[in-house]
file final21.tsv (TSV, C-alpha atoms)
chain	number	residue	atom	x	y	z
A	761	ALA	CA	-2.38	-13.50	-42.90
A	762	LYS	CA	-4.75	-10.57	-43.34
A	763	LYS	CA	-7.79	-12.85	-42.98
A	764	LYS	CA	-6.36	-14.27	-39.76
A	765	LYS	CA	-5.86	-10.78	-38.32
A	766	VAL	CA	-9.45	-9.84	-39.18
A	767	GLU	CA	-10.75	-12.97	-37.45
A	768	THR	CA	-8.63	-12.22	-34.36
A	769	TYR	CA	-9.87	-8.63	-34.29
A	770	ASN	CA	-13.51	-9.68	-34.54
A	771	ALA	CA	-13.06	-12.23	-31.75
A	772	GLN	CA	-11.49	-9.58	-29.52
A	773	VAL	CA	-14.34	-7.18	-30.23
A	774	GLU	CA	-16.85	-9.83	-29.15
A	775	SER	CA	-14.89	-10.40	-25.96
A	776	LEU	CA	-14.94	-6.68	-25.23
A	777	LYS	CA	-18.69	-6.57	-25.76
A	778	HIS	CA	-19.20	-9.39	-23.25
A	779	PHE	CA	-16.94	-7.59	-20.80
A	780	ARG	CA	-18.87	-4.33	-21.23
A	781	ASP	CA	-22.24	-6.06	-20.82
A	782	ALA	CA	-21.13	-7.64	-17.53
A	783	LEU	CA	-19.76	-4.45	-15.93
A	784	GLY	CA	-23.10	-3.30	-14.58
A	785	LYS	CA	-23.61	-6.63	-12.80
A	786	VAL	CA	-20.12	-6.46	-11.33
A	787	ARG	CA	-20.79	-2.93	-10.04
A	788	ARG	CA	-24.05	-4.09	-8.50
A	789	ALA	CA	-22.33	-7.01	-6.77
A	790	LEU	CA	-19.48	-4.88	-5.39
A	791	ALA	CA	-21.91	-2.21	-4.21
A	792	ASN	CA	-23.56	-4.82	-1.98
A	793	VAL	CA	-20.47	-6.64	-0.70
A	794	PRO	CA	-18.23	-5.22	2.05
A	795	THR	CA	-14.87	-4.46	0.44
A	796	TYR	CA	-11.67	-3.61	2.31
A	797	MET	CA	-9.26	-1.60	0.18
A	798	ALA	CA	-5.78	-0.15	0.54
A	799	PHE	CA	-3.27	1.42	-1.82
A	800	ASP	CA	0.11	0.19	-2.89
A	801	ASP	CA	2.47	1.68	-5.48
A	802	HIS	CA	0.38	1.72	-8.67
A	803	GLU	CA	-2.21	4.13	-7.29
A	804	ILE	CA	0.60	6.67	-7.64
A	805	THR	CA	3.40	5.27	-9.83
A	806	ASP	CA	5.36	2.06	-10.23
A	807	ASP	CA	7.64	1.30	-7.26
A	808	TRP	CA	6.52	4.42	-5.44
A	809	TYR	CA	9.09	5.36	-2.74
A	810	ILE	CA	11.15	2.23	-3.49
A	811	HIS	CA	14.19	3.87	-1.89
A	812	ARG	CA	15.16	7.10	-0.15
A	813	HIS	CA	16.63	8.66	-3.29
A	814	MET	CA	13.36	8.29	-5.20
A	815	ARG	CA	11.29	9.70	-2.36
A	816	GLU	CA	13.51	12.75	-2.01
A	817	ASN	CA	13.68	13.40	-5.76
A	818	VAL	CA	9.92	13.11	-6.20
A	819	LEU	CA	9.00	15.39	-3.30
A	820	GLU	CA	11.62	17.99	-4.23
A	821	SER	CA	10.05	18.28	-7.69
A	822	PRO	CA	6.90	20.46	-7.89
A	823	LEU	CA	5.40	18.12	-10.51
A	824	GLY	CA	6.34	14.98	-8.59
A	825	ARG	CA	4.96	16.40	-5.38
A	826	ARG	CA	1.70	17.36	-7.10
A	827	ILE	CA	1.27	13.88	-8.63
A	828	VAL	CA	1.72	12.12	-5.29
A	829	THR	CA	-0.50	14.64	-3.53
A	830	ASN	CA	-3.27	14.27	-6.11
A	831	GLY	CA	-3.20	10.49	-5.84
A	832	LEU	CA	-3.32	10.50	-2.05
A	833	CYS	CA	-6.10	13.09	-2.05
A	834	ALA	CA	-8.20	10.91	-4.35
A	835	TYR	CA	-7.61	7.86	-2.15
A	836	SER	CA	-8.36	9.83	1.00
A	837	VAL	CA	-11.71	11.09	-0.25
A	838	PHE	CA	-12.95	8.03	-2.10
A	839	GLN	CA	-11.65	5.24	0.16
A	840	ALA	CA	-9.86	6.24	3.37
A	841	TRP	CA	-12.84	8.33	4.48
A	842	GLY	CA	-14.94	5.17	4.37
A	843	ASN	CA	-12.26	2.98	5.96
A	844	THR	CA	-11.70	5.25	8.97
A	845	PRO	CA	-14.57	7.78	9.18
A	846	ALA	CA	-13.67	8.82	12.72
A	847	GLN	CA	-10.49	10.62	11.64
A	848	PHE	CA	-12.49	12.67	9.11
A	849	ARG	CA	-14.79	14.21	11.71
A	850	ALA	CA	-14.70	17.95	12.35
A	851	GLY	CA	-11.62	18.92	14.33
A	852	GLU	CA	-9.72	15.75	13.43
A	853	ALA	CA	-6.87	15.57	10.91
A	854	GLY	CA	-9.18	14.27	8.19
A	855	GLY	CA	-11.83	16.88	8.88
A	856	MET	CA	-9.28	19.68	8.52
A	857	PHE	CA	-7.96	18.02	5.37
A	858	LEU	CA	-11.47	18.02	3.82
A	859	ASN	CA	-11.90	21.70	4.67
A	860	SER	CA	-8.56	22.59	3.05
A	861	LEU	CA	-9.41	20.48	-0.01
A	862	SER	CA	-12.74	22.25	-0.47
A	863	ARG	CA	-11.01	25.66	-0.41
A	864	TRP	CA	-8.08	24.77	-2.65
A	865	ARG	CA	-8.18	26.03	-6.24
A	866	GLY	CA	-5.02	24.36	-7.52
A	867	GLU	CA	-2.36	26.92	-6.58
A	868	ASP	CA	0.95	25.54	-5.32
A	869	SER	CA	1.56	28.68	-3.27
A	870	SER	CA	-1.69	28.65	-1.29
A	871	ALA	CA	-1.95	27.86	2.41
A	872	SER	CA	-4.60	25.25	1.59
A	873	TYR	CA	-2.13	23.32	-0.56
A	874	THR	CA	0.43	23.33	2.25
A	875	ASP	CA	-2.21	22.01	4.67
A	876	ILE	CA	-3.20	19.31	2.18
A	877	CYS	CA	0.42	18.25	1.70
A	878	THR	CA	0.86	18.14	5.46
A	879	ALA	CA	-2.18	15.88	5.79
A	880	VAL	CA	-1.04	13.38	3.15
A	881	GLY	CA	2.69	13.54	3.95
A	882	THR	CA	4.12	15.28	0.90
A	883	VAL	CA	5.56	18.39	2.56
A	884	SER	CA	9.03	16.89	2.71
A	885	ALA	CA	10.74	13.50	2.50
A	886	GLY	CA	11.03	13.12	6.25
A	887	THR	CA	7.51	14.16	7.24
A	888	PRO	CA	4.92	11.37	7.67
A	889	PRO	CA	1.23	12.02	6.85
A	890	GLU	CA	-1.08	13.42	9.51
A	891	LEU	CA	-3.73	11.12	8.07
A	892	ARG	CA	-3.39	7.42	8.79
A	893	PHE	CA	-3.96	5.05	5.88
A	894	ASP	CA	-3.63	1.82	7.88
A	895	TYR	CA	-6.77	0.57	9.60
A	896	GLU	CA	-8.45	-2.29	11.42
A	897	VAL	CA	-11.79	-4.05	11.03
A	898	VAL	CA	-12.87	-6.01	14.10
A	899	GLY	CA	-15.44	-8.80	13.98
A	900	PRO	CA	-16.91	-11.00	16.72
A	901	GLU	CA	-14.22	-13.68	16.34
A	902	HIS	CA	-11.66	-12.12	14.01
A	903	GLN	CA	-9.76	-8.94	13.28
A	904	VAL	CA	-8.49	-7.62	9.95
A	905	ILE	CA	-5.39	-5.41	10.04
A	906	VAL	CA	-4.58	-3.50	6.85
A	907	LEU	CA	-1.05	-2.12	6.62
A	908	ASP	CA	0.24	1.07	5.02
A	909	THR	CA	3.71	0.06	3.83
A	910	ARG	CA	4.23	3.01	1.46
A	911	THR	CA	4.03	6.21	3.50
A	912	ARG	CA	5.45	4.81	6.76
A	913	ARG	CA	8.61	3.20	5.45
A	914	GLY	CA	12.04	3.28	7.02
A	915	TYR	CA	15.28	3.94	5.14
A	916	PRO	CA	18.02	2.94	7.58
A	917	GLY	CA	20.65	2.06	4.97
A	918	GLU	CA	23.74	4.19	4.46
A	919	HIS	CA	23.17	4.54	0.70
A	920	ASP	CA	20.29	6.42	-0.93
A	921	GLU	CA	19.21	3.49	-3.11
A	922	GLU	CA	19.33	0.69	-0.53
A	923	GLN	CA	16.25	-1.45	0.07
A	924	PRO	CA	13.70	0.03	2.48
A	925	ASP	CA	12.13	-1.36	5.62
A	926	LEU	CA	8.47	-1.57	4.62
A	927	LEU	CA	7.58	-0.29	8.09
A	928	THR	CA	9.74	1.28	10.76
A	929	LEU	CA	9.92	-0.62	14.04
A	930	ALA	CA	7.74	2.04	15.65
A	931	GLU	CA	5.13	1.65	12.91
A	932	ILE	CA	5.07	-2.13	13.31
A	933	ASN	CA	4.14	-1.51	16.95
A	934	THR	CA	1.46	1.03	16.00
A	935	GLN	CA	-0.07	-0.79	13.05
A	936	VAL	CA	0.24	-4.39	14.24
A	937	ALA	CA	1.42	-5.06	17.81
A	938	ASP	CA	-0.90	-2.62	19.60
A	939	ARG	CA	-3.95	-3.89	17.70
A	940	ILE	CA	-3.13	-7.53	18.31
A	941	GLN	CA	-2.54	-6.97	22.01
A	942	SER	CA	-5.91	-5.29	22.40
A	943	ALA	CA	-7.85	-8.09	20.68
A	944	THR	CA	-5.89	-11.34	21.03
A	945	ALA	CA	-7.74	-12.69	24.04
A	946	ARG	CA	-11.08	-12.77	22.21
A	947	LYS	CA	-10.15	-13.30	18.54
A	948	HIS	CA	-9.73	-16.70	16.93
A	949	LEU	CA	-8.29	-15.34	13.68
A	950	THR	CA	-6.10	-12.38	12.76
A	951	VAL	CA	-6.08	-11.46	9.07
A	952	LEU	CA	-3.06	-9.35	8.16
A	953	LEU	CA	-3.18	-7.54	4.83
A	954	SER	CA	0.34	-6.65	3.70
A	955	PRO	CA	0.70	-5.23	0.17
A	956	ALA	CA	4.02	-7.07	-0.27
A	957	PRO	CA	4.34	-10.73	0.75
A	958	VAL	CA	5.66	-11.32	4.26
A	959	PHE	CA	6.90	-14.78	3.30
A	960	GLY	CA	7.99	-14.25	-0.27
A	961	HIS	CA	8.56	-17.03	-2.76
A	962	PRO	CA	12.03	-18.34	-1.85
A	963	VAL	CA	13.24	-18.84	-5.43
A	964	ALA	CA	12.26	-15.30	-6.47
A	965	GLU	CA	13.71	-13.65	-3.38
A	966	PHE	CA	16.91	-15.69	-3.54
A	967	GLY	CA	17.33	-14.51	-7.12
A	968	GLN	CA	16.78	-10.90	-6.06
A	969	ASP	CA	19.34	-11.18	-3.26
A	970	LEU	CA	21.85	-12.76	-5.60
A	971	ALA	CA	21.31	-10.16	-8.33
A	972	SER	CA	21.42	-7.25	-5.85
A	973	GLU	CA	25.20	-7.49	-5.89
A	974	VAL	CA	25.25	-6.23	-9.49
A	975	ALA	CA	21.86	-4.55	-10.04
A	976	SER	CA	20.03	-1.67	-8.35
A	977	THR	CA	17.09	-1.93	-5.96
A	978	SER	CA	14.73	-0.30	-8.45
A	979	ALA	CA	15.83	-2.57	-11.30
A	980	LEU	CA	15.05	-5.63	-9.17
A	981	ASP	CA	11.87	-4.33	-7.48
A	982	HIS	CA	13.70	-5.27	-4.29
A	983	GLU	CA	11.30	-4.12	-1.59
A	984	THR	CA	10.32	-7.22	0.37
A	985	TRP	CA	9.89	-7.93	4.06
A	986	LEU	CA	12.64	-10.53	4.06
A	987	ILE	CA	15.83	-8.82	2.97
A	988	THR	CA	18.84	-10.87	3.99
A	989	THR	CA	21.01	-7.83	4.61
A	990	ARG	CA	18.58	-6.32	7.11
A	991	ARG	CA	16.10	-8.52	8.98
A	992	ALA	CA	15.08	-6.43	12.01
A	993	ALA	CA	11.72	-5.25	10.63
A	994	PHE	CA	10.83	-8.72	9.33
A	995	GLU	CA	11.66	-10.38	12.64
A	996	ARG	CA	9.81	-7.73	14.64
A	997	LEU	CA	6.71	-8.27	12.52
A	998	LEU	CA	6.84	-12.03	13.15
A	999	GLU	CA	7.35	-11.39	16.87
A	1000	THR	CA	4.15	-9.33	17.02
A	1001	LEU	CA	2.18	-12.24	15.50
A	1002	VAL	CA	3.28	-14.78	18.14
A	1003	PRO	CA	0.37	-14.08	20.58
A	1004	CYS	CA	-2.25	-14.68	17.85
A	1005	ARG	CA	-4.24	-17.90	17.88
A	1006	SER	CA	-4.02	-18.18	14.12
A	1007	VAL	CA	-2.98	-15.79	11.37
A	1008	LEU	CA	-3.92	-15.49	7.71
A	1009	ILE	CA	-1.62	-13.18	5.74
A	1010	LEU	CA	-2.92	-11.83	2.43
A	1011	SER	CA	-0.62	-10.02	0.02
A	1012	GLY	CA	-0.26	-8.89	-3.57
A	1013	ASP	CA	2.23	-6.76	-5.51
A	1014	VAL	CA	4.27	-9.60	-7.02
A	1015	HIS	CA	3.20	-10.88	-10.42
A	1016	TYR	CA	2.77	-14.54	-9.49
A	1017	ALA	CA	0.65	-16.53	-7.06
A	1018	PHE	CA	1.65	-18.90	-4.27
A	1019	THR	CA	0.47	-20.20	-0.90
A	1020	PHE	CA	2.59	-20.99	2.16
A	1021	SER	CA	1.90	-22.56	5.50
A	1022	ALA	CA	4.28	-21.46	8.26
A	1023	ARG	CA	4.69	-22.08	11.95
call {"tool": "encode", "arguments": {"input": "final21.tsv", "output": "structure tokens"}}
result
Amino acid sequence: AKKKKVETYNAQVESLKHFRDALGKVRRALANVPTYMAFDDHEITDDWYIHRHMRENVLESPLGRRIVTNGLCAYSVFQAWGNTPAQFRAGEAGGMFLNSLSRWRGEDSSASYTDICTAVGTVSAGTPPELRFDYEVVGPEHQVIVLDTRTRRGYPGEHDEEQPDLLTLAEINTQVADRIQSATARKHLTVLLSPAPVFGHPVAEFGQDLASEVASTSALDHETWLITTRRAAFERLLETLVPCRSVLILSGDVHYAFTFSAR
């Protein structure tokens, strides 16, 4: 048994060496390939803002608020600035955020920290960010729409731990409908990037709906577009896609892979 463990260890070490040796080539490839990026929950913590109760508890805690703020600051500087450089110009929300960030020395009580929290939406549970983390990339014959379904959620349920709407109806208009309407006439393909699947796997989501009668939202990771108890946001999203010539929806979050064709 000991010999077998040694052999396994040595094999794993060799695999790690191969992985390490290839990292430089991967970095070089990614540095020369356009890459569209967005955050979901794990840039902050698992199931970030999964329901209203979690959001309120996190933002009412100084430590929780600092963790979320730090994560959003890192994303803003290292990715969002590149995704949407116009909003980081002087005088814009992102430009003022960068100025506050450069002055901040880590104190919770400083005016700079308040300005930073205002920019990234961590002042209070009901205050959305001044910065926008959704964005659009427009090509000659296509458009890519990247959604922010974490900081612009809706919590219309009566109970604190009910499933969220991944976007409010107003945000669906802002992030999706307005962009599609401005580009539909000349675009052959709309690529919609939604962190959570729009058309989830029916077996998995049926199981979640069934289990939701006895288990909590957080225990089930129940934060999908298609929630049988509340379909307004899901149906509004589909409605906004009707004018498109063709749509490709890319998603992640769930720990399995599948492909659907829908009409």
call {"tool": "atom_distance", "arguments": {"input": "final21.tsv", "atom1": "CA of Gly967 (chain A)", "atom2": "CA of Leu929 (chain A)"}}
result
26.4 Å
call {"tool": "atom_distance", "arguments": {"input": "final21.tsv", "atom1": "CA of Ser836 (chain A)", "atom2": "CA of Tyr915 (chain A)"}}
result
24.7 Å
call {"tool": "closest_residue", "arguments": {"input": "final21.tsv", "among": "A:Leu952, A:Ala937, A:Ala885, A:Leu819", "to": "Tyr796 (chain A)", "atoms": "all atoms listed in the file"}}
result
A:Leu952
call {"tool": "residues_around", "arguments": {"input": "final21.tsv", "residues": "region 864-878 of chain A", "least_positions_apart": "5", "cutoff": "10 Å", "atoms": "all atoms listed in the file", "output": "JSON, numbers by chain"}}
result
{"A": [822, 825, 826, 828, 829, 830, 832, 833, 853, 854, 856, 857, 858, 859, 883, 884, 887, 888, 889, 890, 891]}
call {"tool": "atom_distance", "arguments": {"input": "final21.tsv", "atom1": "CA of Glu921 (chain A)", "atom2": "CA of Gly960 (chain A)"}}
result
21.2 Å
